[in-house]
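target-v2.csv follows (CSV, C-alpha atoms and all ligand atoms):
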chain,number,residue,atom,x,y,z
A,1,MET,CA,-61.9,14.2,93.8
A,2,ILE,CA,-58.4,15.6,94.4
A,3,ALA,CA,-59.7,17.9,97.2
A,4,ARG,CA,-61.2,14.9,98.9
A,5,GLY,CA,-57.8,13.1,98.6
A,6,CYS,CA,-55.9,16.1,100.0
A,7,ALA,CA,-58.3,16.4,103.0
A,8,ALA,CA,-58.2,12.7,103.7
A,9,ASN,CA,-54.4,12.8,103.7
A,10,GLY,CA,-54.1,15.8,106.1
A,11,ALA,CA,-53.9,18.9,103.9
A,12,HIS,CA,-55.7,22.2,104.6
A,13,THR,CA,-57.6,23.1,101.5
A,14,ILE,CA,-58.8,26.2,99.8
A,15,LEU,CA,-61.4,25.5,97.2
A,16,ILE,CA,-62.0,27.9,94.3
A,17,ASP,CA,-64.9,27.6,91.9
A,18,VAL,CA,-67.3,29.7,89.9
A,19,ASN,CA,-70.2,27.3,90.8
A,20,GLU,CA,-71.3,28.4,94.3
A,21,GLN,CA,-73.6,25.6,94.9
A,22,GLY,CA,-71.0,23.0,93.9
A,23,LEU,CA,-68.5,24.8,96.1
A,24,CYS,CA,-70.8,24.6,99.2
A,25,GLU,CA,-71.5,20.9,98.6
A,26,THR,CA,-67.8,20.1,98.3
A,27,VAL,CA,-67.0,22.0,101.5
A,28,GLU,CA,-69.6,20.0,103.3
A,29,GLU,CA,-68.2,16.8,101.9
A,30,LEU,CA,-64.7,17.7,102.9
A,31,GLN,CA,-65.8,18.6,106.4
A,32,ARG,CA,-67.4,15.2,106.7
A,33,ILE,CA,-64.2,13.5,105.6
A,34,ILE,CA,-62.2,15.6,108.1
A,35,SER,CA,-64.4,14.9,111.0
A,36,ASP,CA,-64.2,11.2,110.4
A,37,SER,CA,-60.4,11.3,110.1
A,38,LYS,CA,-57.5,11.7,112.5
A,39,TYR,CA,-57.0,15.2,111.1
A,40,SER,CA,-59.9,16.9,112.9
A,41,SER,CA,-58.2,20.3,113.1
A,42,LEU,CA,-57.9,20.7,109.3
A,43,GLU,CA,-59.3,23.8,107.7
A,44,THR,CA,-61.3,24.0,104.5
A,45,HIS,CA,-62.0,27.4,102.9
A,46,ALA,CA,-64.1,28.2,99.9
A,47,ILE,CA,-63.6,31.1,97.6
A,48,HIS,CA,-66.4,31.8,95.0
A,49,GLY,CA,-64.7,33.3,92.0
A,50,ASP,CA,-64.2,33.3,88.3
A,51,LEU,CA,-60.8,32.3,86.9
A,52,SER,CA,-61.6,33.2,83.4
A,53,SER,CA,-60.9,37.0,83.7
A,54,GLU,CA,-57.9,38.9,85.0
A,55,ASP,CA,-60.0,40.8,87.5
A,56,GLY,CA,-61.5,37.5,88.7
A,57,VAL,CA,-58.0,36.0,89.2
A,58,LYS,CA,-56.8,39.1,91.1
A,59,GLU,CA,-59.8,39.0,93.4
A,60,ILE,CA,-59.2,35.3,94.1
A,61,VAL,CA,-55.5,35.9,94.8
A,62,ALA,CA,-56.4,38.7,97.2
A,63,LYS,CA,-58.8,36.4,99.1
A,64,VAL,CA,-56.2,33.6,99.2
A,65,LYS,CA,-53.6,36.0,100.6
A,66,ALA,CA,-56.1,37.3,103.2
A,67,LEU,CA,-56.3,33.8,104.6
A,68,GLN,CA,-52.6,34.0,105.5
A,69,ASN,CA,-52.0,30.3,105.0
A,70,PRO,CA,-48.9,29.4,103.0
A,71,VAL,CA,-49.7,27.7,99.7
A,72,ASP,CA,-47.7,24.5,99.2
A,73,ALA,CA,-49.5,23.2,96.2
A,74,LEU,CA,-51.8,24.7,93.7
A,75,ILE,CA,-54.0,22.4,91.7
A,76,HIS,CA,-55.8,23.9,88.7
A,77,CYS,CA,-58.8,21.8,87.5
A,78,ALA,CA,-61.1,24.4,86.1
A,79,GLY,CA,-61.4,23.7,82.4
A,80,VAL,CA,-63.5,24.2,79.3
A,81,ARG,CA,-66.0,21.6,78.3
A,82,PRO,CA,-65.7,20.2,74.8
A,83,ALA,CA,-68.1,21.7,72.4
A,84,SER,CA,-69.1,18.2,71.4
A,85,VAL,CA,-68.2,14.8,72.7
A,86,HIS,CA,-64.8,13.7,71.5
A,87,ASN,CA,-65.5,10.0,71.2
A,88,HIS,CA,-64.7,10.2,67.5
A,89,GLN,CA,-61.4,11.9,68.2
A,90,PHE,CA,-62.0,15.0,66.2
A,91,VAL,CA,-62.8,18.0,68.3
A,92,PRO,CA,-59.9,20.3,67.2
A,93,SER,CA,-60.7,23.2,69.5
A,94,TYR,CA,-60.7,21.0,72.6
A,95,GLN,CA,-57.7,19.0,71.5
A,96,THR,CA,-55.5,22.0,70.6
A,97,SER,CA,-56.4,23.5,74.0
A,98,LYS,CA,-55.1,20.4,75.7
A,99,ALA,CA,-51.9,20.5,73.5
A,100,ALA,CA,-51.5,24.1,74.6
A,101,VAL,CA,-51.7,23.1,78.2
A,102,ASP,CA,-49.0,20.5,77.7
A,103,HIS,CA,-46.7,23.2,76.4
A,104,LEU,CA,-47.8,25.7,79.0
A,105,VAL,CA,-46.6,23.3,81.7
A,106,ARG,CA,-43.1,23.3,80.2
A,107,ILE,CA,-43.1,27.1,79.8
A,108,MET,CA,-44.3,27.7,83.4
A,109,ALA,CA,-41.9,25.2,84.8
A,110,THR,CA,-39.1,27.0,83.1
A,111,GLU,CA,-40.3,30.4,84.2
A,112,PHE,CA,-40.5,29.4,87.8
A,113,ALA,CA,-37.4,27.1,87.8
A,114,ASP,CA,-35.2,29.7,89.7
A,115,PHE,CA,-37.6,29.4,92.6
A,116,TYR,CA,-37.8,25.6,92.4
A,117,ILE,CA,-41.6,26.0,92.0
A,118,ARG,CA,-42.4,22.8,90.1
A,119,VAL,CA,-45.1,22.7,87.5
A,120,ASN,CA,-46.5,19.4,86.3
A,121,ALA,CA,-49.8,18.3,84.9
A,122,ILE,CA,-52.0,15.2,85.1
A,123,SER,CA,-53.5,14.3,81.8
A,124,PRO,CA,-56.3,11.9,82.7
A,125,GLY,CA,-58.1,9.3,80.7
A,126,ILE,CA,-61.9,9.0,81.2
A,127,VAL,CA,-62.8,9.8,84.8
A,128,PRO,CA,-66.3,10.3,86.2
A,129,SER,CA,-66.8,14.1,87.0
A,130,GLY,CA,-69.2,17.0,86.5
A,131,MET,CA,-68.1,16.9,82.9
A,132,THR,CA,-68.0,13.2,82.4
A,133,THR,CA,-71.3,12.0,83.9
A,134,ALA,CA,-73.3,8.8,83.5
A,135,ASP,CA,-75.3,10.6,80.8
A,136,ALA,CA,-75.6,8.7,77.5
A,137,SER,CA,-73.9,11.6,75.6
A,138,SER,CA,-70.8,11.5,77.8
A,139,ASN,CA,-67.5,9.7,77.1
A,140,LEU,CA,-67.9,7.6,80.2
A,141,HIS,CA,-69.3,4.6,78.2
A,142,LEU,CA,-66.0,4.5,76.2
A,143,ALA,CA,-63.9,3.9,79.4
A,144,LYS,CA,-64.2,0.1,79.1
A,145,GLU,CA,-62.5,0.1,75.7
A,146,ALA,CA,-59.1,1.1,77.2
A,147,PRO,CA,-56.7,-1.7,78.2
A,148,ALA,CA,-57.6,-1.1,81.9
A,149,GLY,CA,-61.2,-1.9,81.0
A,150,ARG,CA,-62.6,0.8,83.3
A,151,ALA,CA,-62.8,4.5,84.0
A,152,GLY,CA,-60.3,6.2,86.3
A,153,ASN,CA,-61.2,6.6,89.9
A,154,ASP,CA,-60.2,8.6,93.1
A,155,GLU,CA,-57.3,6.3,93.8
A,156,ASP,CA,-55.8,6.8,90.3
A,157,MET,CA,-56.1,10.5,90.3
A,158,VAL,CA,-55.4,11.3,94.0
A,159,GLY,CA,-52.5,8.9,94.0
A,160,THR,CA,-50.9,10.6,91.1
A,161,ALA,CA,-51.6,14.1,92.5
A,162,LEU,CA,-50.2,13.2,96.0
A,163,TRP,CA,-47.1,11.7,94.3
A,164,LEU,CA,-46.5,14.9,92.3
A,165,MET,CA,-47.1,17.1,95.4
A,166,SER,CA,-45.1,15.1,97.8
A,167,LYS,CA,-41.4,14.6,98.4
A,168,ALA,CA,-41.6,11.4,96.2
A,169,GLY,CA,-42.4,13.7,93.3
A,170,SER,CA,-39.8,16.3,94.1
A,171,PHE,CA,-37.7,15.4,91.0
A,172,MET,CA,-40.6,15.8,88.6
A,173,ASP,CA,-40.8,19.2,86.9
A,174,GLY,CA,-42.3,20.4,83.7
A,175,LYS,CA,-43.9,17.0,83.0
A,176,VAL,CA,-47.3,15.9,81.8
A,177,VAL,CA,-48.2,12.6,83.4
A,178,ARG,CA,-50.7,10.5,81.4
A,179,VAL,CA,-52.9,8.6,83.7
A,180,GLU,CA,-55.3,7.0,81.3
A,181,GLY,CA,-55.5,3.2,81.7
A,182,GLY,CA,-53.7,2.8,78.3
A,183,ARG,CA,-56.4,4.6,76.4
A,184,LEU,CA,-53.9,6.4,74.2
A,185,LEU,CA,-52.6,3.1,73.0
A,186,ILE,CA,-55.9,2.4,71.3
A,187,LEU,CA,-56.6,5.8,69.8
A,188,LYS,CA,-55.9,6.6,66.2
A,189,GLY,CA,-53.1,9.1,65.7
A,190,VAL,CA,-51.0,8.0,68.6
A,191,THR,CA,-47.4,7.7,67.5
A,192,SER,CA,-44.5,5.8,69.0
A,193,ASN,CA,-43.1,8.9,70.6
A,194,SER,CA,-46.4,9.9,72.4
A,195,ASP,CA,-45.6,10.0,76.1
B,201,LIG,N1,-63.2,13.9,83.5
B,201,LIG,C1,-62.5,13.4,82.5
B,201,LIG,O1,-62.8,12.3,82.0
B,201,LIG,C2,-61.4,14.3,81.9
B,201,LIG,C3,-60.6,13.6,81.0
B,201,LIG,C4,-59.5,14.4,80.4
B,201,LIG,C5,-59.4,15.7,80.7
B,201,LIG,N2,-60.2,16.3,81.6
B,201,LIG,C6,-60.0,17.7,81.9
B,201,LIG,O2,-59.9,17.9,83.3
B,201,LIG,C7,-60.4,19.3,83.6
B,201,LIG,C8,-61.3,19.3,84.7
B,201,LIG,O3,-62.5,18.6,84.3
B,201,LIG,P1,-63.5,17.7,85.2
B,201,LIG,O4,-63.7,16.5,84.5
B,201,LIG,O5,-63.0,17.7,86.6
B,201,LIG,O6,-64.8,18.6,85.1
B,201,LIG,P2,-65.8,19.3,86.2
B,201,LIG,O7,-66.8,20.0,85.4
B,201,LIG,O8,-66.2,18.2,87.2
B,201,LIG,O9,-64.8,20.3,87.0
B,201,LIG,C9,-64.5,21.5,86.4
B,201,LIG,C10,-64.7,22.6,87.5
B,201,LIG,O10,-64.2,23.8,87.1
B,201,LIG,C11,-65.1,24.8,87.5
B,201,LIG,N3,-64.9,26.0,86.6
B,201,LIG,C12,-65.2,26.1,85.3
B,201,LIG,N4,-64.9,27.3,84.8
B,201,LIG,C13,-64.4,28.0,85.9
B,201,LIG,C14,-64.0,29.4,86.1
B,201,LIG,N5,-64.0,30.2,85.0
B,201,LIG,N6,-63.6,29.8,87.3
B,201,LIG,C15,-63.6,28.9,88.3
B,201,LIG,N7,-64.1,27.6,88.2
B,201,LIG,C16,-64.5,27.2,87.0
B,201,LIG,C17,-66.5,24.2,87.3
B,201,LIG,O11,-67.5,24.9,88.0
B,201,LIG,C18,-66.2,22.8,87.8
B,201,LIG,O12,-66.4,22.7,89.2
B,201,LIG,C19,-60.9,19.8,82.3
B,201,LIG,O13,-59.9,20.6,81.7
B,201,LIG,C20,-61.2,18.6,81.5
B,201,LIG,O14,-61.1,18.8,80.1
B,201,LIG,C21,-61.2,15.6,82.2

Show the structure stored in the file as structure tokens.
Amino acid sequence: MIARGCAANGAHTILIDVNEQGLCETVEELQRIISDSKYSSLETHAIHGDLSSEDGVKEIVAKVKALQNPVDALIHCAGVRPASVHNHQFVPSYQTSKAAVDHLVRIMATEFADFYIRVNAISPGIVPSGMTTADASSNLHLAKEAPAGRAGNDEDMVGTALWLMSKAGSFMDGKVVRVEGGRLLILKGVTSNSD
């Protein structure tokens, strides 16, 4: 979704995924978007790799460096799937992993502050994806309960990502942006200071 938005808005892209077939399909999709756009010289590269091990990460970094393209923005979307669907709001391993990401954003932003490398996160509501499918066991059917009355879409996610990556977001650092159609307002356990 975000790769589509980057390509449609004139960015070269390097896609990294452990799923080789999905990677090939996404590259083909981006190439179609690029050929239909005014940015016909854009490049799309695919790197098949596993981000879950140190060796896997090193291999991917070496392949990115070999492309000799400067990296202006790095978007990390690879994530664990919940062990069970969290529609009843109690899946502690998944939820604590997300809380850890919130804190990791602040730690990484602080760590890289001297270089003005900004680190922010998008914390989405329910958005159709490989994880959130139309399948009956998915959370997608809960999307209509949020104040927005719908699931998130490309415009919601891409718009937020482009804002954070662009000059318009250059004053945003170490922040987690909740883009969730108001879903947190209707969930139990949300306190007045939840951002
Ligand atoms: N879709 C939603 O409604 C939603 C809501 C809240 C949070 N999230 C979070 O967003 C993140 C992305 O989820 P998504 O919905 O885009 O799911 P997705 O399954 O569509 O995308 C995740 C991608 O990561 C890849 N991946 C997984 N493990 C990898 C690894 N070790 N190395 C390289 N690639 C790997 C997968 O192959 C897949 O293409 C997750 O952390 C998820 O919990 C999603």

Counting only C-alpha atoms and all ligand atoms, which residues of chain A fall within 10 Å of ligand LIG 201 (chain B), and what is the closest atom pair for each with its distance in Å at one decimal, ordered by chain and rising number, as a Markdown table?
| residue | atom | partner | partner_atom | distance |
| --- | --- | --- | --- | --- |
| A:Met1 | CA | B:LIG201 | O5 | 8.1 |
| A:Ile2 | CA | B:LIG201 | O5 | 9.3 |
| A:Leu15 | CA | B:LIG201 | N7 | 9.6 |
| A:Ile16 | CA | B:LIG201 | C15 | 6.3 |
| A:Asp17 | CA | B:LIG201 | N7 | 3.8 |
| A:Val18 | CA | B:LIG201 | C15 | 4.1 |
| A:Asn19 | CA | B:LIG201 | O11 | 4.6 |
| A:Glu20 | CA | B:LIG201 | O11 | 8.1 |
| A:Gln21 | CA | B:LIG201 | O11 | 9.2 |
| A:Gly22 | CA | B:LIG201 | O12 | 6.6 |
| A:Leu23 | CA | B:LIG201 | O12 | 7.5 |
| A:Thr26 | CA | B:LIG201 | O12 | 9.6 |
| A:Ile47 | CA | B:LIG201 | C15 | 9.6 |
| A:His48 | CA | B:LIG201 | C15 | 7.8 |
| A:Gly49 | CA | B:LIG201 | C15 | 5.9 |
| A:Asp50 | CA | B:LIG201 | N6 | 3.7 |
| A:Leu51 | CA | B:LIG201 | N6 | 3.8 |
| A:Ser52 | CA | B:LIG201 | N5 | 4.2 |
| A:Ser53 | CA | B:LIG201 | N5 | 7.6 |
| A:Gly56 | CA | B:LIG201 | N6 | 8.1 |
| A:Val57 | CA | B:LIG201 | N6 | 8.6 |
| A:Ile60 | CA | B:LIG201 | C15 | 9.7 |
| A:His76 | CA | B:LIG201 | C8 | 8.2 |
| A:Cys77 | CA | B:LIG201 | C8 | 4.5 |
| A:Ala78 | CA | B:LIG201 | O10 | 3.3 |
| A:Gly79 | CA | B:LIG201 | O13 | 3.5 |
| A:Val80 | CA | B:LIG201 | O13 | 5.6 |
| A:Arg81 | CA | B:LIG201 | O14 | 5.9 |
| A:Pro82 | CA | B:LIG201 | O14 | 7.2 |
| A:Tyr94 | CA | B:LIG201 | O14 | 7.8 |
| A:Gln95 | CA | B:LIG201 | O14 | 9.2 |
| A:Ser97 | CA | B:LIG201 | O13 | 8.9 |
| A:Lys98 | CA | B:LIG201 | O14 | 7.6 |
| A:Val101 | CA | B:LIG201 | O13 | 9.3 |
| A:Ile122 | CA | B:LIG201 | O2 | 8.5 |
| A:Ser123 | CA | B:LIG201 | C4 | 6.2 |
| A:Pro124 | CA | B:LIG201 | C4 | 4.7 |
| A:Gly125 | CA | B:LIG201 | C3 | 5.0 |
| A:Ile126 | CA | B:LIG201 | O1 | 3.5 |
| A:Val127 | CA | B:LIG201 | O1 | 3.8 |
| A:Pro128 | CA | B:LIG201 | N1 | 5.5 |
| A:Ser129 | CA | B:LIG201 | O8 | 4.1 |
| A:Gly130 | CA | B:LIG201 | O8 | 3.3 |
| A:Met131 | CA | B:LIG201 | O7 | 4.2 |
| A:Thr132 | CA | B:LIG201 | N1 | 5.0 |
| A:Thr133 | CA | B:LIG201 | N1 | 8.3 |
| A:Ser138 | CA | B:LIG201 | O1 | 9.1 |
| A:Asn139 | CA | B:LIG201 | O1 | 7.3 |
| A:Leu140 | CA | B:LIG201 | O1 | 7.2 |
| A:Ala143 | CA | B:LIG201 | O1 | 8.9 |
| A:Ala151 | CA | B:LIG201 | O1 | 8.1 |
| A:Gly152 | CA | B:LIG201 | O1 | 7.9 |
| A:Asn153 | CA | B:LIG201 | O1 | 9.9 |
| A:Arg178 | CA | B:LIG201 | C4 | 9.7 |
| A:Val179 | CA | B:LIG201 | C4 | 9.4 |
| A:Glu180 | CA | B:LIG201 | C3 | 8.5 |

- Item | Close residues, Arg4 (chain A) itself excluded, 9 Å, all atoms listed in the file, min 6 positions apart in chain, as a list in words |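 With the cut-off at 9 Å, the set is Thr26, Glu29, Leu30, Ile33, Asp154 and Val158 of chain A.
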
- Message: Report as a ChimeraX atom specification all protein, DNA and RNA residues lying within 7 Å of Gly181 (chain A), evaluated on all atoms listed in the file, omitting residues in the same chain fewer than 4 positions from it.
- Response: /A:125,146-148

- Nearest-residue call for Ser41 (chain A), choices A:Ala7, A:Ala168, A:Gly182, A:His141, using all atoms listed in the file: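 Ranking A:Ala7, A:Ala168, A:Gly182, A:His141 by distance to Ser41 (chain A), first place goes to A:Ala7.
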
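Between CA of Val177 (chain A) and CA of Ala121 (chain A) the separation is 6.1 Å.
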
- Message: Would you compute the distance between CA of Ile34 (chain A) and CA of Lys167 (chain A)? Give it in Å to one decimal.
- Response: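 If I compute the distance from CA of Ile34 (chain A) to CA of Lys167 (chain A), I get 23.0 Å.
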